[in-house]
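Participant: I'm passing along input.cif; it holds mmCIF, C-alpha atoms.
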```cif
data_input
loop_
_atom_site.label_atom_id
_atom_site.label_comp_id
_atom_site.auth_asym_id
_atom_site.auth_seq_id
_atom_site.Cartn_x
_atom_site.Cartn_y
_atom_site.Cartn_z
CA ALA A 750 116.59 169.92 170.93
CA LEU A 751 113.21 168.51 170.04
CA ASN A 752 110.12 170.66 169.86
CA GLY A 753 106.90 169.53 171.61
CA THR A 754 105.38 167.61 168.68
CA ALA A 755 108.58 165.80 167.72
CA ALA A 756 109.21 164.85 171.36
CA ALA A 757 105.70 163.43 171.71
CA GLU A 758 106.13 161.40 168.51
CA ALA A 759 109.50 160.12 169.69
CA LEU A 760 108.02 158.94 172.99
CA GLU A 761 105.04 157.10 171.43
CA ALA A 762 105.15 153.34 171.46
CA PRO A 763 106.16 151.75 168.17
CA ASP A 764 103.53 150.14 165.99
CA CYS A 765 103.28 146.50 167.08
CA THR A 766 100.49 145.42 164.72
CA ARG A 767 102.57 142.76 162.97
CA LEU A 768 103.92 141.51 166.28
CA ASN A 769 100.39 141.31 167.72
CA LEU A 770 99.15 139.40 164.66
CA ALA A 771 102.11 137.01 164.86
CA LEU A 772 101.47 136.46 168.57
CA ALA A 773 97.77 135.76 167.94
CA ALA A 774 98.64 133.27 165.19
CA LEU A 775 101.22 131.60 167.43
CA VAL A 776 98.72 131.31 170.31
CA THR A 777 96.15 129.83 167.90
CA VAL A 778 98.57 127.21 166.57
CA GLY A 779 99.86 126.42 170.07
CA SER A 780 96.34 125.97 171.43
CA THR A 781 95.38 123.75 168.50
CA LEU A 782 98.43 121.56 169.07
CA LEU A 783 97.78 121.44 172.82
CA ILE A 784 94.17 120.40 172.30
CA THR A 785 94.99 117.89 169.58
CA LEU A 786 98.01 116.27 171.20
CA LEU A 787 96.63 115.94 174.72
CA LYS A 788 93.09 114.92 173.78
CA PRO A 789 93.80 111.18 173.20
CA PHE A 790 95.51 110.90 176.58
CA THR A 791 92.57 112.34 178.50
CA GLN A 792 89.51 110.72 176.96
CA SER A 793 88.05 107.57 178.42
CA VAL A 794 90.84 107.22 180.95
CA GLU A 795 90.76 103.72 182.43
CA CYS A 796 93.42 102.86 184.99
CA GLY A 797 91.55 100.16 186.82
CA SER A 798 88.56 99.99 189.08
CA GLY A 799 87.79 101.13 192.53
CA ARG A 800 86.30 104.19 194.11
CA VAL A 801 89.51 106.24 194.27
CA VAL A 802 90.70 105.20 190.80
CA ASP A 803 87.31 106.03 189.26
CA TRP A 804 87.34 109.42 191.00
CA LEU A 805 90.88 110.09 189.71
CA GLU A 806 89.89 109.12 186.15
CA ASP A 807 86.91 111.48 186.27
CA TRP A 808 89.12 114.23 187.70
CA VAL A 809 91.65 113.88 184.84
CA GLU A 810 88.88 114.04 182.26
CA SER A 811 87.39 117.13 183.96
CA ILE A 812 90.75 118.88 184.14
CA TRP A 813 91.23 118.20 180.43
CA GLN A 814 87.90 119.84 179.62
CA LEU A 815 88.94 122.91 181.63
CA VAL A 816 92.36 123.12 179.94
CA SER A 817 90.77 122.75 176.52
CA LYS A 818 88.22 125.50 177.23
CA ALA A 819 90.94 127.74 178.68
CA ALA A 820 93.07 127.35 175.56
CA ALA A 821 90.11 128.13 173.29
CA THR A 822 89.13 131.16 175.38
CA THR A 823 92.71 132.43 175.35
CA VAL A 824 92.68 132.34 171.56
CA MET A 825 89.40 134.25 171.47
CA VAL A 826 90.61 136.94 173.87
CA VAL A 827 93.94 137.40 172.09
CA TRP A 828 92.30 137.77 168.67
CA THR A 829 89.68 140.17 170.05
CA SER A 830 92.39 142.32 171.60
CA VAL A 831 94.55 142.35 168.47
CA LEU A 832 91.69 143.17 166.13
CA THR A 833 90.33 145.87 168.43
CA LYS A 834 93.72 147.59 168.50
CA MET A 835 94.06 147.21 164.76
CA GLU A 836 90.67 148.65 163.83
CA LEU A 837 91.29 152.03 165.49
CA HIS A 838 94.95 152.29 164.55
CA GLY A 839 95.68 155.86 163.43
CA VAL A 840 92.32 157.31 164.51
CA GLU A 841 92.57 160.30 166.81
CA PRO A 842 89.97 160.66 169.61
CA ASP A 843 89.02 164.18 168.51
CA GLN A 844 87.80 163.20 165.02
CA GLY A 845 84.13 163.39 165.87
CA GLY A 846 81.94 160.46 164.84
CA VAL A 847 84.71 158.63 162.98
CA THR A 848 85.18 156.10 165.76
CA THR A 849 81.48 155.22 165.80
CA ARG A 850 81.42 154.80 162.02
CA ILE A 851 84.48 152.58 162.15
CA TYR A 852 82.87 150.41 164.84
CA ILE A 853 79.69 150.03 162.75
CA PHE A 854 81.63 149.25 159.58
CA TRP A 855 83.83 146.82 161.49
CA ALA A 856 80.84 145.02 163.03
CA ILE A 857 79.14 144.57 159.65
CA SER A 858 82.34 143.51 157.90
CA ILE A 859 83.51 141.07 160.54
CA THR A 860 80.06 139.50 160.77
CA ALA A 861 79.86 138.96 157.01
CA VAL A 862 83.42 137.71 156.61
CA GLY A 863 83.26 135.63 159.80
CA SER A 864 80.04 133.95 158.66
CA ALA A 865 81.54 133.10 155.27
CA VAL A 866 84.72 131.72 156.82
CA ALA A 867 82.80 129.72 159.45
CA THR A 868 80.59 128.20 156.74
CA TRP A 869 83.64 127.25 154.69
CA LEU A 870 85.36 125.78 157.76
CA GLU A 871 82.28 123.73 158.61
CA ALA A 872 82.23 122.29 155.08
CA MET A 873 85.94 121.47 155.34
CA GLU A 874 85.37 119.91 158.76
CA GLU A 875 82.69 117.60 157.35
CA TYR A 876 85.09 116.63 154.56
CA PHE A 877 87.91 115.86 157.03
CA VAL A 878 85.61 113.87 159.32
CA ALA A 879 84.42 111.77 156.38
CA GLU A 880 87.96 111.37 155.07
CA GLY A 881 89.22 110.40 158.54
CA ALA A 882 86.47 107.79 158.88
CA GLU A 883 87.40 106.36 155.48
CA ALA A 884 91.09 106.23 156.44
CA ALA A 885 90.28 104.49 159.73
CA ALA A 886 88.05 101.97 157.95
CA ALA A 887 90.73 101.36 155.32
CA ALA A 888 93.35 100.88 158.05
CA ALA A 889 91.13 98.37 159.80
CA ALA A 890 90.41 96.55 156.54
CA ARG A 891 94.09 96.38 155.57
CA ASP A 892 95.20 95.21 158.98
CA GLY A 893 95.96 91.55 158.55
CA GLU A 894 95.98 91.30 154.74
CA PRO A 895 98.48 88.48 154.25
CA GLU A 896 99.16 89.12 150.54
CA LEU A 897 100.80 92.50 151.21
CA GLY A 898 103.48 91.16 153.49
CA GLU A 899 103.73 92.18 157.11
CA ARG A 900 106.15 95.10 156.62
CA ALA A 901 104.14 96.68 153.75
CA ASN A 902 100.91 96.12 155.64
CA THR A 903 102.29 97.80 158.79
CA ALA A 904 103.57 100.78 156.77
CA ARG A 905 100.21 101.27 155.05
CA VAL A 906 98.26 101.03 158.28
CA ALA A 907 100.64 103.51 159.92
CA ALA A 908 100.24 105.93 156.98
CA LEU A 909 96.45 105.70 157.16
CA GLU A 910 96.49 106.23 160.93
CA MET A 911 98.75 109.29 160.50
CA LYS A 912 96.33 110.68 157.90
CA ALA A 913 93.43 110.17 160.33
CA LYS A 914 95.35 112.02 163.07
CA LYS A 915 96.18 114.88 160.70
CA ASP A 916 92.52 115.17 159.75
CA GLU A 917 91.57 115.20 163.45
CA ALA A 918 94.05 118.04 164.06
CA LEU A 919 92.55 120.03 161.18
CA VAL A 920 89.06 119.49 162.60
CA GLU A 921 90.23 120.76 166.01
CA PHE A 922 91.75 123.83 164.35
CA SER A 923 88.48 124.40 162.50
CA ASN A 924 86.52 124.14 165.76
CA LEU A 925 88.86 126.63 167.42
CA ALA A 926 88.63 129.07 164.51
CA GLN A 927 84.83 128.82 164.42
CA ALA A 928 84.59 129.40 168.16
CA THR A 929 86.83 132.44 167.81
CA LEU A 930 84.75 133.82 164.92
CA GLY A 931 81.57 133.34 166.93
CA TRP A 932 82.92 135.18 169.92
#
```
Show me, as structure tokens, the structure contained in the file I just sent.
Facilitator:
Amino acid sequence: ALNGTAAAEALEAPDCTRLNLALAALVTVGSTLLITLLKPFTQSVECGSGRVVDWLEDWVESIWQLVSKAAATTVMVVWTSVLTKMELHGVEPDQGGVTTRIYIFWAISITAVGSAVATWLEAMEEYFVAEGAEAAAAAAARDGEPELGERANTARVAALEMKAKKDEALVEFSNLAQATLGW
């Protein structure tokens, strides 16, 4: 038979901190991929002309903006929930002012670390944007160079375009992380 304390401990939910962190990371990566992969299909949609077609094009672009915002907000809410549960893990409610001190320490720490990470991400984003522009310009310049041969030229252009898409994905991830840090 279990005594009262042992029974209460046995009935407590297991610690899911690692699972929560893994879920938050998975949601972040999934949202980044969703935003990055669907974005080209929903920008400047042109299917023809006419009143109904123009309305449909605008509707698709508007829906995309809503889906993108929803994905970013989901990431923010998930990370806020995970970090809130993590910060008070192991603190009992009857420990006096400990909870208030932890909240103050957490607010100062997360602001300082979040600002440093956001600054670093912004610098990396500028680097990737510049690198992506250089890759796109190089792809355009190499397109049609007869001395390379058509197959080599096509492979180089494809590699440069893939690099530009990878850089765009990294910029989207940076934007998502910065929005989450600012929330």
Participant: I'd like the neighbourhood of stretch 913-918 of chain A as a PyMOL selection string, where a residue qualifies if any of its atoms comes within 12 Å (using all atoms listed in the file), though same-chain residues fewer than 4 positions away should be ignored.
Facilitator: chain A and resi 778-789+873-888+906-909+922-925
Participant: If I wrap all listed atoms of stretch 806-813 of chain A in a box with edges along x, y and z and add 8 Å on each side, what are its centre and edge lengths in Å to one decimal, as lines of an AutoDock Vina configuration file?
Facilitator:
```
center_x = 89.3
center_y = 114.0
center_z = 184.1
size_x = 20.7
size_y = 25.8
size_z = 23.3
```
Participant: List the neighbours of A:Val831 out to 9 Å using only C-alpha atoms; skip same-chain residues closer than 5 positions along the sequence, and give me the result as a list of chain:residue names.
Facilitator: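 Residues near the query, excluding close chain neighbours: A:Thr766, A:Asn769, A:Leu770, A:Ala773, A:Val826, A:Glu836.
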Participant: I'd like the neighbourhood of A:Ile812 as a VMD selection string, where a residue qualifies if any of its atoms comes within 12 Å (using only C-alpha atoms), though same-chain residues fewer than 3 positions away should be ignored.
Facilitator: chain A and resid 787 to 788 790 to 792 805 to 809 815 to 819
Participant: For the atom pair atom CA of A:Ala771 and atom CA of A:Met835, what is the interatomic distance in Å to one decimal place?
Facilitator: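 Atom CA of A:Met835 lies 13.0 Å from atom CA of A:Ala771.
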Participant: To one decimal place in Å, what is the distance between atom CA of A:Ser793 and atom CA of A:Ala928?
Facilitator: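 Distance reported for this atom pair: 24.4 Å.
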Participant: When you draw a straight line from atom CA of A:Ala774 to atom CA of A:Ala820, how long is it in Å?
Facilitator: 13.2 Å
Participant: Could you tell me which of A:Glu910, A:Thr822, A:Leu930, A:Val776 comes closest to A:Thr860 if we count only C-alpha atoms?
Facilitator: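 Going through A:Glu910, A:Thr822, A:Leu930, A:Val776 one by one, the smallest distance to A:Thr860 is for A:Leu930.
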Participant: With distances taken over only C-alpha atoms, which of A:Gly797, A:His838, A:Thr777, A:Gly931 is nearest to A:Ser864?
Facilitator: A:Gly931
